[in-house]
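Structure file start_18.tsv with TSV, C-alpha atoms:
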chain	number	residue	atom	x	y	z
A	1	MET	CA	-25.98	-46.77	102.24
A	2	LYS	CA	-27.75	-44.79	99.61
A	3	GLU	CA	-26.33	-44.71	96.07
A	4	MET	CA	-25.32	-41.22	95.08
A	5	LYS	CA	-26.33	-39.85	91.65
A	6	THR	CA	-24.20	-37.22	89.91
A	7	LYS	CA	-25.90	-34.55	87.90
A	8	ASN	CA	-24.54	-33.05	84.64
A	9	LYS	CA	-23.48	-29.61	85.67
A	10	ASN	CA	-23.83	-28.33	82.05
A	11	PRO	CA	-27.24	-29.35	80.80
A	12	LYS	CA	-26.46	-28.08	77.23
A	13	ILE	CA	-23.83	-30.77	76.62
A	14	LYS	CA	-25.37	-34.06	75.66
A	15	LYS	CA	-23.62	-37.29	74.97
A	16	ILE	CA	-24.17	-38.49	71.41
A	17	LYS	CA	-24.58	-42.16	71.09
A	18	LEU	CA	-24.22	-43.68	67.60
A	19	ASN	CA	-25.98	-46.81	66.74
A	20	LYS	CA	-24.31	-49.46	64.60
A	21	THR	CA	-25.80	-48.25	61.30
A	22	ALA	CA	-24.62	-44.65	61.84
A	23	LYS	CA	-21.11	-45.84	62.63
A	24	ILE	CA	-20.99	-47.77	59.33
A	25	ILE	CA	-22.17	-44.73	57.34
A	26	LEU	CA	-19.55	-42.50	58.97
A	27	ILE	CA	-16.77	-44.95	58.18
A	28	CYS	CA	-17.90	-45.15	54.51
A	29	VAL	CA	-17.84	-41.35	54.21
A	30	LEU	CA	-14.31	-41.16	55.61
A	31	VAL	CA	-13.12	-43.88	53.27
A	32	ALA	CA	-14.65	-42.05	50.29
A	33	ILE	CA	-12.85	-38.83	51.24
A	34	VAL	CA	-9.53	-40.64	51.47
A	35	ILE	CA	-10.05	-42.34	48.07
A	36	ALA	CA	-10.95	-38.99	46.42
A	37	ALA	CA	-7.82	-37.36	47.83
A	38	LEU	CA	-5.67	-40.19	46.52
A	39	ALA	CA	-7.33	-39.92	43.07
A	40	VAL	CA	-6.54	-36.20	42.87
A	41	GLY	CA	-2.93	-36.87	43.81
A	42	ILE	CA	-2.64	-39.58	41.17
A	43	ARG	CA	-4.11	-37.31	38.49
A	44	LEU	CA	-1.67	-34.51	39.31
A	45	GLY	CA	1.23	-36.90	39.23
A	46	THR	CA	0.11	-38.32	35.88
A	47	ALA	CA	-0.21	-34.83	34.32
A	48	THR	CA	3.34	-34.01	35.33
A	49	LYS	CA	4.57	-37.29	33.95
A	50	THR	CA	2.70	-36.75	30.67
A	51	SER	CA	4.22	-33.29	30.33
A	52	ASP	CA	7.66	-34.84	30.69
A	53	LEU	CA	6.89	-37.28	27.87
A	54	THR	CA	5.67	-34.74	25.30
A	55	PHE	CA	7.17	-35.22	21.83
A	56	TYR	CA	7.49	-32.91	18.83
A	57	THR	CA	7.98	-33.64	15.13
A	58	VAL	CA	10.25	-31.63	12.86
A	59	ARG	CA	8.22	-30.56	9.87
A	60	LYS	CA	8.73	-28.75	6.60
A	61	GLU	CA	6.99	-25.43	5.92
A	62	THR	CA	6.83	-23.28	2.81
A	63	TYR	CA	7.50	-19.61	3.47
A	64	GLU	CA	5.91	-17.24	0.93
A	65	ASN	CA	7.08	-13.64	0.62
A	66	VAL	CA	4.08	-12.20	-1.25
A	67	ILE	CA	1.64	-9.31	-1.54
A	68	GLU	CA	-1.95	-10.51	-1.58
A	69	ILE	CA	-4.35	-8.85	-4.03
A	70	SER	CA	-7.93	-9.17	-5.27
A	71	GLY	CA	-10.13	-7.60	-7.94
A	72	ASN	CA	-11.96	-8.20	-11.21
A	73	ILE	CA	-10.26	-9.08	-14.48
A	74	SER	CA	-10.96	-7.11	-17.68
A	75	ALA	CA	-10.38	-7.87	-21.35
A	76	ALA	CA	-7.60	-6.05	-23.20
A	77	GLU	CA	-10.26	-4.14	-25.17
A	78	GLU	CA	-14.04	-4.12	-25.07
A	79	GLN	CA	-16.51	-2.50	-27.46
A	80	THR	CA	-20.21	-2.12	-26.81
A	81	LEU	CA	-22.11	-2.25	-30.10
A	82	GLN	CA	-24.58	0.64	-30.32
A	83	ALA	CA	-26.94	1.93	-32.98
A	84	ALA	CA	-25.93	5.43	-34.08
A	85	GLY	CA	-29.52	6.41	-34.89
A	86	ASP	CA	-33.13	5.29	-35.12
A	87	GLY	CA	-34.06	2.80	-37.81
A	88	THR	CA	-34.67	-0.77	-38.92
A	89	VAL	CA	-31.92	-3.39	-38.94
A	90	GLN	CA	-31.36	-4.28	-42.59
A	91	LYS	CA	-28.40	-6.68	-42.30
A	92	VAL	CA	-26.65	-8.63	-39.53
A	93	TYR	CA	-23.35	-10.00	-40.85
A	94	VAL	CA	-22.09	-11.83	-37.73
A	95	LYS	CA	-23.20	-14.09	-34.89
A	96	GLU	CA	-22.04	-14.74	-31.33
A	97	GLY	CA	-18.64	-16.41	-31.18
A	98	ASP	CA	-17.42	-15.02	-34.53
A	99	PHE	CA	-13.94	-13.54	-34.77
A	100	VAL	CA	-13.98	-10.15	-36.47
A	101	LYS	CA	-11.36	-7.79	-37.91
A	102	LYS	CA	-10.87	-4.12	-37.25
A	103	GLY	CA	-13.11	-2.04	-39.60
A	104	GLN	CA	-15.41	-4.99	-40.44
A	105	ILE	CA	-19.11	-4.12	-40.90
A	106	LEU	CA	-21.16	-6.05	-38.34
A	107	ILE	CA	-24.67	-4.59	-38.53
A	108	GLU	CA	-26.32	-2.29	-41.09
A	109	LEU	CA	-29.43	-0.14	-40.62
A	110	ASP	CA	-31.66	1.01	-43.47
A	111	ALA	CA	-30.18	4.12	-45.11
A	112	VAL	CA	-32.63	4.93	-47.91
A	113	GLU	CA	-33.10	8.52	-46.79
A	114	GLN	CA	-29.37	9.13	-46.39
A	115	ARG	CA	-28.53	7.59	-49.78
A	116	TYR	CA	-31.20	9.69	-51.49
A	117	ALA	CA	-29.78	12.86	-49.90
A	118	LEU	CA	-26.29	11.95	-51.10
A	119	ALA	CA	-27.44	11.15	-54.64
A	120	LYS	CA	-29.32	14.45	-54.88
A	121	HIS	CA	-26.31	16.35	-53.60
A	122	GLU	CA	-24.00	14.72	-56.16
A	123	TYR	CA	-26.36	15.76	-58.98
A	124	GLU	CA	-26.34	19.33	-57.73
A	125	MET	CA	-22.57	19.24	-57.61
A	126	GLU	CA	-22.39	18.36	-61.29
A	127	GLN	CA	-24.58	21.37	-62.13
A	128	THR	CA	-22.44	23.64	-59.98
A	129	LYS	CA	-19.27	22.37	-61.57
A	130	VAL	CA	-20.55	23.50	-64.99
A	131	ASN	CA	-22.39	26.69	-64.15
A	132	GLY	CA	-21.33	27.70	-60.64
A	133	SER	CA	-18.31	29.19	-59.01
A	134	ARG	CA	-15.28	27.25	-57.87
A	135	ARG	CA	-15.88	28.33	-54.27
A	136	ASP	CA	-19.45	26.93	-54.28
A	137	TYR	CA	-18.17	23.64	-55.65
A	138	GLU	CA	-15.54	23.35	-52.90
A	139	LEU	CA	-18.21	23.90	-50.23
A	140	MET	CA	-20.37	21.20	-51.81
A	141	GLU	CA	-17.39	18.78	-51.69
A	142	THR	CA	-17.25	19.28	-47.94
A	143	GLN	CA	-21.00	18.78	-47.60
A	144	LYS	CA	-20.71	15.54	-49.57
A	145	GLN	CA	-18.32	14.15	-46.96
A	146	VAL	CA	-20.90	14.94	-44.27
A	147	LEU	CA	-23.61	13.06	-46.19
A	148	GLU	CA	-21.30	10.08	-46.74
A	149	GLN	CA	-20.56	9.97	-42.99
A	150	LYS	CA	-24.30	9.82	-42.30
A	151	ILE	CA	-24.50	6.67	-44.42
A	152	GLN	CA	-21.45	5.29	-42.61
A	153	ASP	CA	-23.17	5.98	-39.30
A	154	ARG	CA	-25.94	3.57	-40.30
A	155	MET	CA	-23.40	0.75	-39.94
A	156	VAL	CA	-21.95	-0.76	-36.77
A	157	ILE	CA	-18.22	-1.42	-37.31
A	158	ALA	CA	-15.59	-3.28	-35.24
A	159	TYR	CA	-12.94	-0.99	-33.75
A	160	PHE	CA	-10.37	-3.78	-33.25
A	161	ASP	CA	-9.74	-7.46	-33.89
A	162	GLY	CA	-11.84	-9.44	-31.45
A	163	ILE	CA	-14.63	-11.91	-30.76
A	164	ILE	CA	-18.40	-11.35	-30.60
A	165	VAL	CA	-19.33	-12.42	-27.07
A	166	GLU	CA	-22.86	-11.02	-27.11
A	167	LEU	CA	-25.30	-10.16	-29.90
A	168	ASP	CA	-28.93	-9.24	-29.26
A	169	VAL	CA	-30.31	-8.07	-32.60
A	170	SER	CA	-31.86	-9.59	-35.74
A	171	GLU	CA	-32.71	-8.37	-39.21
A	172	GLY	CA	-35.98	-6.44	-39.18
A	173	ASP	CA	-35.61	-5.22	-35.59
A	174	VAL	CA	-36.39	-1.55	-34.97
A	175	VAL	CA	-33.77	0.19	-32.83
A	176	GLU	CA	-33.30	3.62	-31.36
A	177	ALA	CA	-30.14	5.71	-31.18
A	178	LYS	CA	-27.57	4.34	-28.70
A	179	ASP	CA	-29.41	1.07	-28.14
A	180	GLU	CA	-26.84	-1.54	-27.03
A	181	VAL	CA	-27.07	-4.57	-29.29
A	182	GLY	CA	-23.87	-6.53	-28.61
A	183	THR	CA	-20.30	-6.70	-27.29
A	184	ILE	CA	-16.87	-7.40	-28.79
A	185	ILE	CA	-13.82	-8.17	-26.68
A	186	ASN	CA	-10.12	-8.60	-27.41
A	187	ARG	CA	-8.86	-11.64	-25.47
A	188	ASP	CA	-5.19	-11.35	-26.41
A	189	TYR	CA	-4.60	-10.50	-22.76
A	190	MET	CA	-6.55	-9.57	-19.63
A	191	SER	CA	-5.63	-7.09	-16.95
A	192	ALA	CA	-6.82	-5.59	-13.67
A	193	GLU	CA	-6.03	-2.66	-11.44
A	194	VAL	CA	-5.31	-3.68	-7.85
A	195	GLU	CA	-4.69	-1.63	-4.71
A	196	ILE	CA	-1.28	-1.96	-3.07
A	197	VAL	CA	-1.00	-0.47	0.41
A	198	GLU	CA	1.73	2.13	0.78
A	199	ASN	CA	3.82	-0.05	3.12
A	200	ASP	CA	4.21	-2.70	0.39
A	201	VAL	CA	4.87	-0.45	-2.59
A	202	TYR	CA	8.65	-0.52	-2.08
A	203	LYS	CA	8.57	-4.28	-2.81
A	204	LEU	CA	6.96	-3.85	-6.24
A	205	LYS	CA	8.88	-4.31	-9.49
A	206	ILE	CA	7.73	-4.46	-13.10
A	207	GLY	CA	7.55	-8.05	-14.30
A	208	GLN	CA	7.08	-9.71	-10.89
A	209	LYS	CA	5.19	-13.00	-11.10
A	210	VAL	CA	1.52	-12.99	-10.09
A	211	ASN	CA	-0.48	-16.14	-9.29
A	212	PHE	CA	-4.23	-15.73	-9.92
A	213	THR	CA	-7.02	-17.90	-8.49
A	214	PHE	CA	-10.59	-17.55	-9.80
A	215	PRO	CA	-13.57	-18.67	-7.64
A	216	ALA	CA	-15.39	-19.73	-10.82
A	217	TYR	CA	-12.61	-22.28	-11.42
A	218	SER	CA	-11.11	-23.05	-8.01
A	219	ASN	CA	-8.75	-25.72	-9.39
A	220	LEU	CA	-7.35	-23.44	-12.08
A	221	GLU	CA	-4.31	-21.30	-11.21
A	222	VAL	CA	-3.27	-18.76	-13.83
A	223	THR	CA	0.10	-17.02	-13.94
A	224	GLY	CA	0.56	-13.37	-14.89
A	225	TYR	CA	2.85	-10.49	-14.01
A	226	VAL	CA	2.98	-6.89	-12.78
A	227	GLU	CA	2.65	-4.68	-15.84
A	228	SER	CA	2.91	-1.19	-14.35
A	229	PHE	CA	2.31	1.05	-11.36
A	230	PRO	CA	2.35	4.85	-11.05
A	231	ALA	CA	4.79	7.01	-9.16
A	232	VAL	CA	1.99	8.62	-7.13
A	233	GLY	CA	-0.37	7.24	-4.52
A	234	ARG	CA	-4.09	7.69	-4.00
A	235	ILE	CA	-6.15	8.17	-0.85
A	236	THR	CA	-9.20	5.89	-0.69
A	237	SER	CA	-12.59	6.72	0.78
A	238	ARG	CA	-11.44	4.80	3.86
A	239	GLY	CA	-8.54	7.21	4.31
A	240	ALA	CA	-5.89	4.65	3.35
A	241	THR	CA	-3.06	5.49	0.95
A	242	VAL	CA	-2.67	3.02	-1.91
A	243	VAL	CA	-1.03	2.69	-5.31
A	244	ASP	CA	-3.10	1.31	-8.21
A	245	ALA	CA	-0.90	-1.30	-9.87
A	246	THR	CA	-1.84	-3.03	-13.14
A	247	VAL	CA	-1.46	-6.80	-13.30
A	248	ARG	CA	-1.78	-8.72	-16.58
A	249	ILE	CA	-2.40	-12.22	-17.97
A	250	ASP	CA	-1.22	-12.97	-21.52
A	251	ASN	CA	-3.16	-15.59	-23.53
A	252	PRO	CA	-5.72	-16.23	-20.76
A	253	PRO	CA	-7.57	-19.58	-20.63
A	254	ASP	CA	-10.94	-19.69	-22.41
A	255	GLU	CA	-12.66	-20.44	-19.09
A	256	ILE	CA	-11.79	-17.00	-17.72
A	257	LEU	CA	-14.27	-14.35	-18.81
A	258	PRO	CA	-14.09	-10.56	-18.43
A	259	ASN	CA	-15.27	-9.21	-15.06
A	260	TYR	CA	-14.58	-12.50	-13.24
A	261	SER	CA	-13.39	-11.92	-9.67
A	262	PHE	CA	-10.03	-13.22	-8.50
A	263	THR	CA	-7.60	-13.36	-5.62
A	264	GLY	CA	-3.88	-13.38	-6.23
A	265	LYS	CA	-0.36	-13.19	-4.85
A	266	ILE	CA	2.41	-11.00	-6.19
A	267	GLU	CA	5.57	-13.03	-5.65
A	268	ILE	CA	8.29	-10.85	-4.13
A	269	THR	CA	10.81	-13.68	-3.80
A	270	GLU	CA	10.78	-17.39	-4.60
A	271	PRO	CA	9.03	-19.57	-1.95
A	272	GLN	CA	11.43	-21.08	0.59
A	273	GLU	CA	11.13	-24.50	2.23
A	274	LEU	CA	12.05	-24.39	5.93
A	275	LEU	CA	12.40	-26.96	8.74
A	276	VAL	CA	10.60	-25.84	11.89
A	277	VAL	CA	9.90	-27.33	15.31
A	278	GLU	CA	8.43	-26.12	18.59
A	279	ARG	CA	10.80	-24.19	20.83
A	280	SER	CA	10.22	-26.61	23.71
A	281	ALA	CA	11.93	-29.37	21.74
A	282	ILE	CA	15.27	-27.56	22.00
A	283	GLY	CA	17.44	-27.60	25.10
A	284	TYR	CA	20.53	-25.54	25.97
A	285	LYS	CA	23.69	-26.45	27.82
A	286	GLY	CA	26.75	-24.30	28.00
A	287	GLY	CA	25.19	-21.88	25.54
A	288	LYS	CA	24.83	-24.59	22.89
A	289	ALA	CA	21.53	-25.91	21.54
A	290	PHE	CA	20.72	-29.62	21.51
A	291	ALA	CA	17.79	-31.94	20.92
A	292	GLU	CA	16.97	-35.45	22.07
A	293	LYS	CA	15.95	-37.45	19.02
A	294	VAL	CA	13.79	-40.56	19.50
A	295	LEU	CA	15.10	-43.42	17.35
A	296	ASP	CA	13.15	-46.29	15.79
A	297	ASN	CA	14.10	-48.61	18.67
A	298	ASN	CA	12.73	-46.03	21.15
A	299	GLU	CA	16.21	-45.14	22.31
A	300	VAL	CA	17.07	-41.47	22.65
A	301	GLU	CA	20.03	-39.86	20.88
A	302	ARG	CA	21.26	-36.45	21.89
A	303	VAL	CA	22.32	-34.31	18.92
A	304	ASP	CA	23.77	-30.82	18.62
A	305	VAL	CA	21.61	-28.50	16.56
A	306	LYS	CA	21.69	-25.01	15.14
A	307	VAL	CA	18.43	-23.04	15.28
A	308	VAL	CA	17.23	-19.44	14.95
A	309	PRO	CA	13.97	-17.78	16.06
A	310	TYR	CA	11.00	-18.16	13.73
A	311	ASP	CA	8.05	-16.91	15.79
A	312	ASP	CA	6.72	-17.09	19.35
A	313	THR	CA	6.17	-20.86	19.15
A	314	TYR	CA	8.66	-22.22	16.60
A	315	VAL	CA	12.34	-22.13	15.74
A	316	LYS	CA	13.86	-22.66	12.32
A	317	VAL	CA	16.26	-25.59	12.14
A	318	LEU	CA	19.49	-24.86	10.26
A	319	GLU	CA	21.59	-27.93	11.15
A	320	GLY	CA	21.39	-31.24	12.97
A	321	LEU	CA	17.84	-32.39	12.23
A	322	GLU	CA	15.72	-33.65	9.33
A	323	GLU	CA	12.06	-33.63	8.45
A	324	ASN	CA	9.91	-36.05	10.53
A	325	ASP	CA	12.53	-36.40	13.29
A	326	VAL	CA	10.73	-36.96	16.62
A	327	LEU	CA	12.15	-34.97	19.53
A	328	ARG	CA	11.58	-35.24	23.26
A	329	ASN	CA	10.29	-32.24	25.17
A	330	GLN	CA	13.01	-30.23	26.95
A	331	GLY	CA	10.57	-28.04	28.86
A	332	THR	CA	12.31	-24.90	27.63
A	333	GLY	CA	11.73	-22.18	25.10
A	334	LEU	CA	14.14	-20.00	23.18
A	335	LYS	CA	14.29	-16.71	25.03
A	336	SER	CA	13.49	-13.51	23.22
A	337	GLY	CA	16.49	-11.26	22.72
A	338	LYS	CA	18.31	-9.07	20.26
A	339	ASN	CA	17.95	-11.69	17.53
A	340	ARG	CA	14.16	-11.76	17.88
A	341	MET	CA	12.55	-10.80	14.54
A	342	LYS	CA	9.62	-8.46	14.93
A	343	GLY	CA	7.47	-6.23	12.76
A	344	LYS	CA	5.23	-6.84	9.82
A	345	ASP	CA	8.12	-7.75	7.53
A	346	GLY	CA	9.43	-10.52	9.78
A	347	PRO	CA	8.02	-13.92	10.70
A	348	GLY	CA	7.31	-12.71	14.22
A	349	GLY	CA	4.95	-10.01	12.98
A	350	PRO	CA	1.32	-10.21	11.81
A	351	GLY	CA	0.80	-12.79	9.14
A	352	GLY	CA	4.10	-14.51	9.90
A	353	GLY	CA	4.72	-17.94	11.33
A	354	PRO	CA	4.77	-21.37	9.77
A	355	GLY	CA	3.03	-21.60	6.46
A	356	GLY	CA	3.66	-18.24	4.85
A	357	GLY	CA	4.14	-14.55	5.03
A	358	GLY	CA	0.43	-13.74	5.05
A	359	PRO	CA	-1.02	-10.50	3.67
A	360	GLY	CA	1.72	-8.08	2.90
A	361	GLY	CA	4.32	-10.85	2.90
A	362	GLY	CA	7.59	-10.19	4.65
A	363	MET	CA	11.28	-10.80	4.53
A	364	PRO	CA	12.18	-14.46	4.94
A	365	PRO	CA	13.48	-15.62	8.30
A	366	ALA	CA	17.20	-15.50	8.85
Mind converting the file's structure to C-alpha cells?
Amino acid sequence: MKEMKTKNKNPKIKKIKLNKTAKIILICVLVAIVIAALAVGIRLGTATKTSDLTFYTVRKETYENVIEISGNISAAEEQTLQAAGDGTVQKVYVKEGDFVKKGQILIELDAVEQRYALAKHEYEMEQTKVNGSRRDYELMETQKQVLEQKIQDRMVIAYFDGIIVELDVSEGDVVEAKDEVGTIINRDYMSAEVEIVENDVYKLKIGQKVNFTFPAYSNLEVTGYVESFPAVGRITSRGATVVDATVRIDNPPDEILPNYSFTGKIEITEPQELLVVERSAIGYKGGKAFAEKVLDNNEVERVDVKVVPYDDTYVKVLEGLEENDVLRNQGTGLKSGKNRMKGKDGPGGPGGGPGGGGPGGGMPPA
C-alpha cells in the first residue's frame, strides 16, 4: 500500500520553525516589556503618593504700600564760577573744600584799566562840582556807579553760603569772558524732581516718608520726604500723564554728591507683616476652613483657621496658625469669588503677592 502525501493547498503559508536561540530571545523581549510596564505603573503610583504627602510652611511676609521712584539728586543751590570778562587772574582767595559765605570774594582779575577810568572820572567830577552845572554833576554820579560796577565785575563772588567743590584756576592764568573756573554748592539739603504716574497721584501727601538707595553706596539707605507736587499734570514724550513731585533730603550724608542717581520708595502706609501660606494647605468642611498641622512627633493635628485671599497662590492667615507651622497638603485651593481682590491696588493685581506691593504699591490685603 502506497503512502499518501498531502500537499499544502495554500503555498503562500509557510510554517515558521524557531530554533532554541530564537525562542530564548523572544522570551527575553516579552519579559522586558512586562518589566517596563510594571515600572511605569510604579512611577505613576509613586507620583500620586508624593502629591498626597506635599507639605507647606507658614511664612511671614512684609507688605509694602509704596510708590517707586528714580532720578538724580541735586544740591539745594549750585553756582558755576565764571569770569565776567577777559583778563589775567590776579588773586585766588580760596581752594577746593573751603566753606565760603555769601558775598565773599573768591577770585579777582586784574582791573588796572577799570581803576584808572574810575580815578579819572572822579577827578572830572571834582572839576564839575566847582565849575559845572548841578545837572552835569548828577549825571556824572550815575556814570561813576557804572565804572564801579565794572571793577566789581572783575571779581568772582559767592552768591550763597556753600562749599567749593571744584576750582580750576590759579593766579596768573589768562581767562576769557564766561570761562567756567569752579563750582560752589549748598549742601544743607538735596532734592530731586520725580515723575509720579497719574494713577498714583491720589496717594501723595506732603511730608510722606521717602527711602532713597544710591547705587554708588548700595549699603547706605537715606531717608527723606515729599516736599511738594503741583496741582497740574504733564504729558511726557511717551504720551503718559505724570505729575512732577519734589522729594528732599535734609542734612544729606557726605558720601552723596550732586547728580548721583538713586531709586526710592514713597511710603504710603507703614509696612505690614503678614502670615501667608499656599492655598492648597487649607481644607474646607461645612463651610469652615481648617489645616492639618504636622507636630514635632510627626503626628498630625487638625486646627480651625481663619484665612482670606491674598493672591492666586496664597492666602493670608488671620487666626489659628503661626510662622513656621508645617501643614499637610489638602489638595484644594480657595475658590475665587466676590471676596477676590483684583486690580492694581490689590494684592491680586500686578506687582502684588507675597513680598510687597511692587511698583505703584497698593492697598494692603484685607
Exercise: A:Val92 partners within 12 Å, only C-alpha atoms, chain neighbours under 3 positions left out, as a VMD selection string: chain A and resid 88 to 89 95 to 96 104 to 110 155 to 157 167 to 173 181 to 182
Would you mind reading off the distance between atom CA of A:Gly287 and atom CA of A:Gln272, one decimal, in Å?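 One can read the atom CA of A:Gly287 to atom CA of A:Gln272 distance as 28.5 Å.
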List the spatial neighbours of A:Gln330 as a PyMOL selection string - criterion: any atom at most 12 Å away, only C-alpha atoms, same-chain residues fewer than 4 positions off excluded. chain A and resi 51-56+278-285+289-293+302+334
Could you turn the residues from that selection into a file that holds C-alpha atoms, as a compact mmCIF listing (two decimals), keeping the file's coordinate frame?
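The resulting file, result18.txt, is shown below:
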# COMPACT_ATOMS: atom_id res chain seq x y z
CA SER A 51 4.22 -33.29 30.33
CA ASP A 52 7.66 -34.84 30.69
CA LEU A 53 6.89 -37.28 27.87
CA THR A 54 5.67 -34.74 25.30
CA PHE A 55 7.17 -35.22 21.83
CA TYR A 56 7.49 -32.91 18.83
CA GLU A 278 8.43 -26.12 18.59
CA ARG A 279 10.80 -24.19 20.83
CA SER A 280 10.22 -26.61 23.71
CA ALA A 281 11.93 -29.37 21.74
CA ILE A 282 15.27 -27.56 22.00
CA GLY A 283 17.44 -27.60 25.10
CA TYR A 284 20.53 -25.54 25.97
CA LYS A 285 23.69 -26.45 27.82
CA ALA A 289 21.53 -25.91 21.54
CA PHE A 290 20.72 -29.62 21.51
CA ALA A 291 17.79 -31.94 20.92
CA GLU A 292 16.97 -35.45 22.07
CA LYS A 293 15.95 -37.45 19.02
CA ARG A 302 21.26 -36.45 21.89
CA LEU A 334 14.14 -20.00 23.18
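Here atom CA of A:Gln114 and atom CA of A:Arg154 stand 8.9 Å from one another.
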Selection: 12 Å around A:Gly207, only C-alpha atoms, excl. self and same-chain fewer than 4 positions, as a VMD selection string: chain A and resid 223 to 229 245 to 249 266 to 268
Test item: axis-aligned box, all listed atoms of stretch 185-199 of chain A, 6 Å on each side, centre and edges in Å rounded to one decimal, as JSON:
{"center_x": -5.0, "center_y": -4.8, "center_z": -12.1, "size_x": 29.6, "size_y": 25.8, "size_z": 42.5}
Write out as an NGL selection string the residues lying within 7 Å of A:Gly85, counting all atoms listed in the file and excluding same-chain residues fewer than 4 positions away. :A and (176-178)
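Residue nearest A:Asp254, chosen from A:Ile235, A:Met190, A:Val277, A:Ala158 and counting all atoms listed in the file: A:Met190.
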As a short mmCIF file (atom, residue, chain, number, x, y, z; two decimals), in the frame of the given file, the rebuilt stretch 261-267 of chain A with all heavy atoms:
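Output file out.cif is given in full below:
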data_model
loop_
_atom_site.label_atom_id
_atom_site.label_comp_id
_atom_site.auth_asym_id
_atom_site.auth_seq_id
_atom_site.Cartn_x
_atom_site.Cartn_y
_atom_site.Cartn_z
N SER A 261 -14.15 -12.33 -10.85
CA SER A 261 -13.39 -11.92 -9.67
C SER A 261 -12.23 -12.87 -9.45
O SER A 261 -12.26 -14.03 -9.89
CB SER A 261 -14.30 -11.90 -8.44
OG SER A 261 -14.78 -13.20 -8.16
N PHE A 262 -11.21 -12.40 -8.76
CA PHE A 262 -10.03 -13.22 -8.50
C PHE A 262 -9.37 -12.80 -7.19
O PHE A 262 -9.59 -11.70 -6.68
CB PHE A 262 -9.01 -13.09 -9.64
CG PHE A 262 -8.36 -11.74 -9.74
CD1 PHE A 262 -7.24 -11.42 -8.97
CD2 PHE A 262 -8.89 -10.75 -10.58
CE1 PHE A 262 -6.66 -10.16 -9.05
CE2 PHE A 262 -8.31 -9.50 -10.65
CZ PHE A 262 -7.19 -9.20 -9.88
N THR A 263 -8.57 -13.69 -6.66
CA THR A 263 -7.60 -13.36 -5.62
C THR A 263 -6.24 -13.74 -6.18
O THR A 263 -6.13 -14.57 -7.08
CB THR A 263 -7.86 -14.14 -4.32
OG1 THR A 263 -7.85 -15.54 -4.60
CG2 THR A 263 -9.20 -13.75 -3.72
N GLY A 264 -5.20 -13.11 -5.68
CA GLY A 264 -3.88 -13.38 -6.23
C GLY A 264 -2.77 -13.05 -5.26
O GLY A 264 -2.99 -12.46 -4.20
N LYS A 265 -1.56 -13.46 -5.65
CA LYS A 265 -0.36 -13.19 -4.85
C LYS A 265 0.74 -12.70 -5.78
O LYS A 265 1.08 -13.38 -6.75
CB LYS A 265 0.10 -14.46 -4.14
CG LYS A 265 -0.89 -15.00 -3.12
CD LYS A 265 -0.38 -16.30 -2.51
CE LYS A 265 -1.38 -16.85 -1.50
NZ LYS A 265 -0.90 -18.12 -0.91
N ILE A 266 1.23 -11.51 -5.48
CA ILE A 266 2.41 -11.00 -6.19
C ILE A 266 3.64 -11.58 -5.48
O ILE A 266 3.85 -11.35 -4.29
CB ILE A 266 2.45 -9.46 -6.17
CG1 ILE A 266 1.21 -8.89 -6.87
CG2 ILE A 266 3.72 -8.95 -6.84
CD1 ILE A 266 1.12 -7.37 -6.80
N GLU A 267 4.43 -12.32 -6.23
CA GLU A 267 5.57 -13.03 -5.65
C GLU A 267 6.78 -12.10 -5.55
O GLU A 267 7.35 -11.73 -6.58
CB GLU A 267 5.89 -14.26 -6.51
CG GLU A 267 6.81 -15.26 -5.87
CD GLU A 267 6.94 -16.50 -6.73
OE1 GLU A 267 6.03 -17.36 -6.70
OE2 GLU A 267 7.96 -16.60 -7.44
#
